[in-house]
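Following: one structure in structure tokens, then a few remarks.
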Number of protein chains: 2
Amino acid sequence: MRCKNAFYAQSGGVTAVINASAAGVIETARQHPTRIGTVYAGRNGILGALDEDLIDTRHESAADIAALRHTPGGAFGSCRYKLQDLQQHRAEYQRLIEVFKAHDIGYFFYNGGGDSADTCLKVAQLSAALGYPIQAIHIPKTVDNDLPITDCCPGFGSVAKYVATSIREAGYDVASMAKTSTKVFILEVMGRHAGWITAACGLASEAEGEPPHLLLFPEIPFEPKPFLDQVDACVQRHGYCVVAVSEGIRQADGRFIAESGLTDAFGHAQLGGVAPVLANLVKSALGYKYHWAVADYLQRAARHLASAVDVEQAWALGARAVELALAGHGGVMPTIVRLSDVPYQWTLGMAALEDVANVEKFMPKEFISAEGFHITDACRRYLAPLIQGEAWPPFVNGLPHYVRLQNRAVPRQLPPFSH
Amino acid sequence: MRCKNAFYAQSGGVTAVINASAAGVIETARQHPTRIGTVYAGRNGILGALDEDLIDTRHESAADIAALRHTPGGAFGSCRYKLQDLQQHRAEYQRLIEVFKAHDIGYFFYNGGGDSADTCLKVAQLSAALGYPIQAIHIPKTVDNDLPITDCCPGFGSVAKYVATSIREAGYDVASMAKTSTKVFILEVMGRHAGWITAACGLASEAEGEPPHLLLFPEIPFEPKPFLDQVDACVQRHGYCVVAVSEGIRQADGRFIAESGLTDAFGHAQLGGVAPVLANLVKSALGYKYHWAVADYLQRAARHLASAVDVEQAWALGARAVELALAGHGGVMPTIVRLSDVPYQWTLGMAALEDVANVEKFMPKEFISAEGFHITDACRRYLAPLIQGEAWPPFVNGLPHYVRLQNRAVPRQLPPFSH
């Protein structure tokens with residue numbers, strides 16, 4: 001089999017460990033120089049392919065590629081750009097194939113969530129139709145943990161460890177202050193549709209009464225009264241109440257709580273921030289002093305507190321993607337297969353992209369407690385292994401030391417493409 | 001000199017390392033059993049003294065006291081309760097003396113910020129006037145770093161390390177996303193009057209163009225136009241802009257930006273959250289997509305990322321407070337004295353409480369860059385040593401393992417006191 005080049009791109013929201021997958025791809029490809037020539041990375045994700053803005057990863061030293069394993073964000077740039085419908089926007093897909101052809105690219109590694117799995121599938125299908133063979137492999141990545149088939153998604157374990165640690169620490173703080181000051185603390189975490197990150201907050205509570213006391217999942221319609229009743233009962237019983245809330249909770253009519261009509265001092269509609277809305281609700285109805293936090297990017301970029309399991313799996317999935325390509329596969333995604341909870345054992349599997357694309361995995365009902373405000377033991381058994389182990393980055397001058405790659409461009413060979 | 005008991009209380013907002021000071025007090029006191037009988041801790045700070053709700057720390061094992069060194073929050077409970085004017089509310093001070101007398105307490109260790117230094121001073125003065133000698137020693141603690149005389153305040157170094165790490169990590173995230181998505185990221189940090197924590201964010205930027213690009217200090221009146229001009233120029237130049245803002249920034253008329261008239265969907269005035277206000281301002285004026293985070297308690301409770309220097313100094317100041325008491329001092333506060341920046345060398349000193357109480361230390365002008373949006377090299381030289389070293393807590397099941405003390409109450413000997 002002749003030597004071909006590979007294309008690798010990062011897609012959608014980045015994570016603390018997506019670069020570990022990149023390292024897995026590049027390090028494994030470098031071990032097969034007779035089969036894989038150069039790994040080209042897309043600058044800013046798939047846009048790099050459409051714009052023929054390719055990064056030549058050969059210029060990056062082995063040490064810098066290894067450092068990707070402990071560097072958050074997307075080292076080559078990511079993008080939020082969903083390739084459109086194949087029938088209506090066939091030109092975009094054809095452009096991809098042209099760029100791949102111009103640079104003798106035979107392997108397409110796309111590192112992202114559900115949308116990018118769909119793109120990856122379409123590339124696989126179109127390359128066959130256009131007679132230029134591309135082996136398209138999707139590498140899972142999403143803090144939302146909402147991809148099907150794979151037991152978990154790289155990026156999630158580290159966010160889970162971060163939010164559980166953060167809410168535990170904040171819980172110690174609030175407990176100290178509750179007598180005379182803050183009685184209710186609300187932490188807003190990511191998860192627009194699926195409540196996995198909110199659920200992970202629940203791991204911080206290992207015994208009755210330990211915070212967080214309430215979890216608000218996007219899977220459960222939000223109603224003020226039961227929420228306020230729970231908060232009040234918790235304060236009465238424990239002296240304080242710590243709440244984790246998904247950014248994506250909605251009212252029964254489907255409206256996001258965070259989108260419900262805020263205006264600020266400059267007269268602008270205010271978007272985002274369900275935590276302050278809930279905090280004000282608590283203050284108005286119950287009179288308790290509150291504090292709230294919105295972790296936002298801090299949670300998904302917190303490489304300093306990554307889960308060692310997550311880092312290892314992210315790297316392994318990148319490496320396995322290359323191995324699958326070398327074994328002749330295309331239109332597939334390597335997956336995490338859980339073998340046992342305790343001790344935690346996992347191996348790698350493979351899923352067809354037809355079964356992955358555009359499918360969202362929500363929290364199953366048996367993971368949410370009966371009253372809807374916490375996680376069950378079954379959920380704990382699922383989540384607990386994913387946050388195991390610390391994988392501290394190197395620290396220099398008191399701060400984590402992350403790598404910045406050179407990201408040197410490959411000379412263009414095609415005319416520009418407008419998209 | 002006969003053996004007397006000691007009283008220790010935590011005051012005001014807690015930190016990641018205030019318990020390290022508690023450990024310093026208790027461990028050092030235990031080394032002098034012929035001079036110090038029991039260390040009683042106030043449950044919920046000074047309220048524990050007023051209510052005669054004392055905790056007998058003898059029941060806590062050496063291992064648990066040692067674990068305070070890596071446990072955030074206030075292990076005995078803190079409070080926001082400022083003792084009032086001595087002339088008008090003399091009864092409260094007299095009550096303190098009565099409680100101290102009833103429990104044979106001769107040493108008063110008060111662990112807090114500027115307000116508690118003032119209380120500590122008044123206790124020292126009154127005990128002399130009432131003829132019951134109490135050696136009142138203040139142990140500095142405040143994430144705001146705004147106490148005078150001491151080179152720095154325990155709690156600050158760890159917040160500084162946390163916010164600098166967090167904004168560096170978020171910066172890697174935003175840089176990845178900026179091409180097609182988020183171009184402006186705003187992190188709101190604590191600091192109502194003094195900009196020390198905001199300044200610490202600046203440490204994450206070690207070279208031209210590295211985030212954070214803009215710092216908004218409470219010492220500088222906020223004006224929308226220069227801010228927006230800076231943001232726009234930064235996005236034009238670097239492709240994105242990362243901003244750290246103090247919760248306490250104000251307009252020239254003195255109004256807090258965070259207090260300027262938000263109302264939410266439920267019709268309530270919304271307090272807090274300067275980051276979303278600025279983010280909306282950016283969106284409206286410049287059209288850039290934004291994200292924002294409010295770290296709130298997460299920053300001051302983040303013991304998982306504490307500065308080793310901070311932990312060591314917090315412990316040392318607690319220990320030194322006991323040594324000062326045993327040496328006959330009262331009405332004083334042990335301080336950190338800096339001997340050199342590089343290599344960082346420090347020793348312990350002592351300040352009279354008259355010189356500490358009710359004095360706030362703001363950022364000096366020479367620490368803020370000329371245009372007002374970043375820190376100077378002089379500021380870096382001051383800040384850099386304070387975030388050095390990692391002091392990871394033990395991790396169990398993937399999460400930091402913190403101690404909860406027994407906090408057994410001492411039987412009351414006095415009638416209740418209403419305050």
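Ligands are numbered from 1 in the order shown, residues from 1 within each chain, and chains are lettered A, B, ... in the order they appear in the structure tokens.
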Residues of stretch 67-297 of chain B in strand (DSSP E or B), written as a ChimeraX atom specification: /B:105-112,135-140,184-189,214-216,222,241-246,250-251,256,262-263,269-270,290-294
Apply DSSP to the backbone of this structure and, from stretch 109-237 of chain A, keep only the residues in alpha helix (DSSP H); write these as a ChimeraX atom specification. /A:114-130,156-177,196-201,224-237
Using only C-alpha atoms, the residue out of B:Tyr402, B:Phe156, B:Tyr240, B:Tyr172 with shortest distance to chain A is B:Tyr172
Give me, as a ChimeraX atom specification, all polymer residues having an atom no more than 8 Å from A:Arg300, counting only C-alpha atoms and skipping those fewer than 5 positions away in the same chain. /A:14-16,143,155,158-159
Selection to disk with N, CA and C atoms, as a PDB file, in the first residue's frame:
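File written: selection.pdb
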ATOM      1  N   VAL A  14     -13.712  23.450  22.126  1.00  0.00           N
ATOM      2  CA  VAL A  14     -12.515  22.701  22.481  1.00  0.00           C
ATOM      3  C   VAL A  14     -12.614  22.218  23.929  1.00  0.00           C
ATOM      4  N   THR A  15     -11.656  21.399  24.320  1.00  0.00           N
ATOM      5  CA  THR A  15     -11.677  20.801  25.657  1.00  0.00           C
ATOM      6  C   THR A  15     -10.266  20.822  26.251  1.00  0.00           C
ATOM      7  N   ALA A  16     -10.181  20.326  27.470  1.00  0.00           N
ATOM      8  CA  ALA A  16      -8.872  20.252  28.135  1.00  0.00           C
ATOM      9  C   ALA A  16      -8.006  19.157  27.531  1.00  0.00           C
ATOM     10  N   VAL A 143     -17.286  17.829  25.700  1.00  0.00           N
ATOM     11  CA  VAL A 143     -17.512  17.914  27.146  1.00  0.00           C
ATOM     12  C   VAL A 143     -18.944  17.518  27.493  1.00  0.00           C
ATOM     13  N   GLY A 155     -12.891  14.681  27.102  1.00  0.00           N
ATOM     14  CA  GLY A 155     -13.236  16.056  27.447  1.00  0.00           C
ATOM     15  C   GLY A 155     -14.209  16.081  28.618  1.00  0.00           C
ATOM     16  N   SER A 158     -12.689  15.305  32.336  1.00  0.00           N
ATOM     17  CA  SER A 158     -11.945  16.411  32.949  1.00  0.00           C
ATOM     18  C   SER A 158     -12.881  17.522  33.420  1.00  0.00           C
ATOM     19  N   VAL A 159     -13.902  17.826  32.634  1.00  0.00           N
ATOM     20  CA  VAL A 159     -14.893  18.806  33.103  1.00  0.00           C
ATOM     21  C   VAL A 159     -15.575  18.275  34.357  1.00  0.00           C
TER      22      VAL A 159
END
Pick out the residues sitting within 9 Å of A:Ile46, and hand them over as a list in words; count only C-alpha atoms, and ignore anything fewer than 6 positions along from it in its own chain.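 Contacts, in chain order: Tyr8, Ala9, Gln10, Ser11, Ser78, Cys79, Tyr81, Lys82, Leu83, Leu96 and Tyr110 of chain A.
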Include C-alpha atoms and write out the residues we just selected as a CSV table (one decimal), in the first residue's frame.
chain,number,residue,atom,x,y,z
A,8,TYR,CA,-6.4,16.2,11.0
A,9,ALA,CA,-8.8,18.9,12.2
A,10,GLN,CA,-10.4,20.0,15.5
A,11,SER,CA,-14.1,20.9,15.5
A,78,SER,CA,-11.1,24.9,15.9
A,79,CYS,CA,-14.3,26.3,14.4
A,81,TYR,CA,-18.8,25.5,11.0
A,82,LYS,CA,-21.2,22.8,10.1
A,83,LEU,CA,-21.0,21.6,6.5
A,96,LEU,CA,-12.6,19.2,0.4
A,110,TYR,CA,-12.0,14.7,12.3
B:Ala66, B:Leu386, B:Val311, B:Leu50 ranked by distance to chain A, top pick (using only C-alpha atoms): B:Leu386
Which residues are close to A:Phe227, i.e. within 9 Å by only C-alpha atoms, leaving aside same-chain residues fewer than 6 positions away? Reply as a list in words.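 Returned residues: Leu214, Leu216 and Phe373 of chain A.
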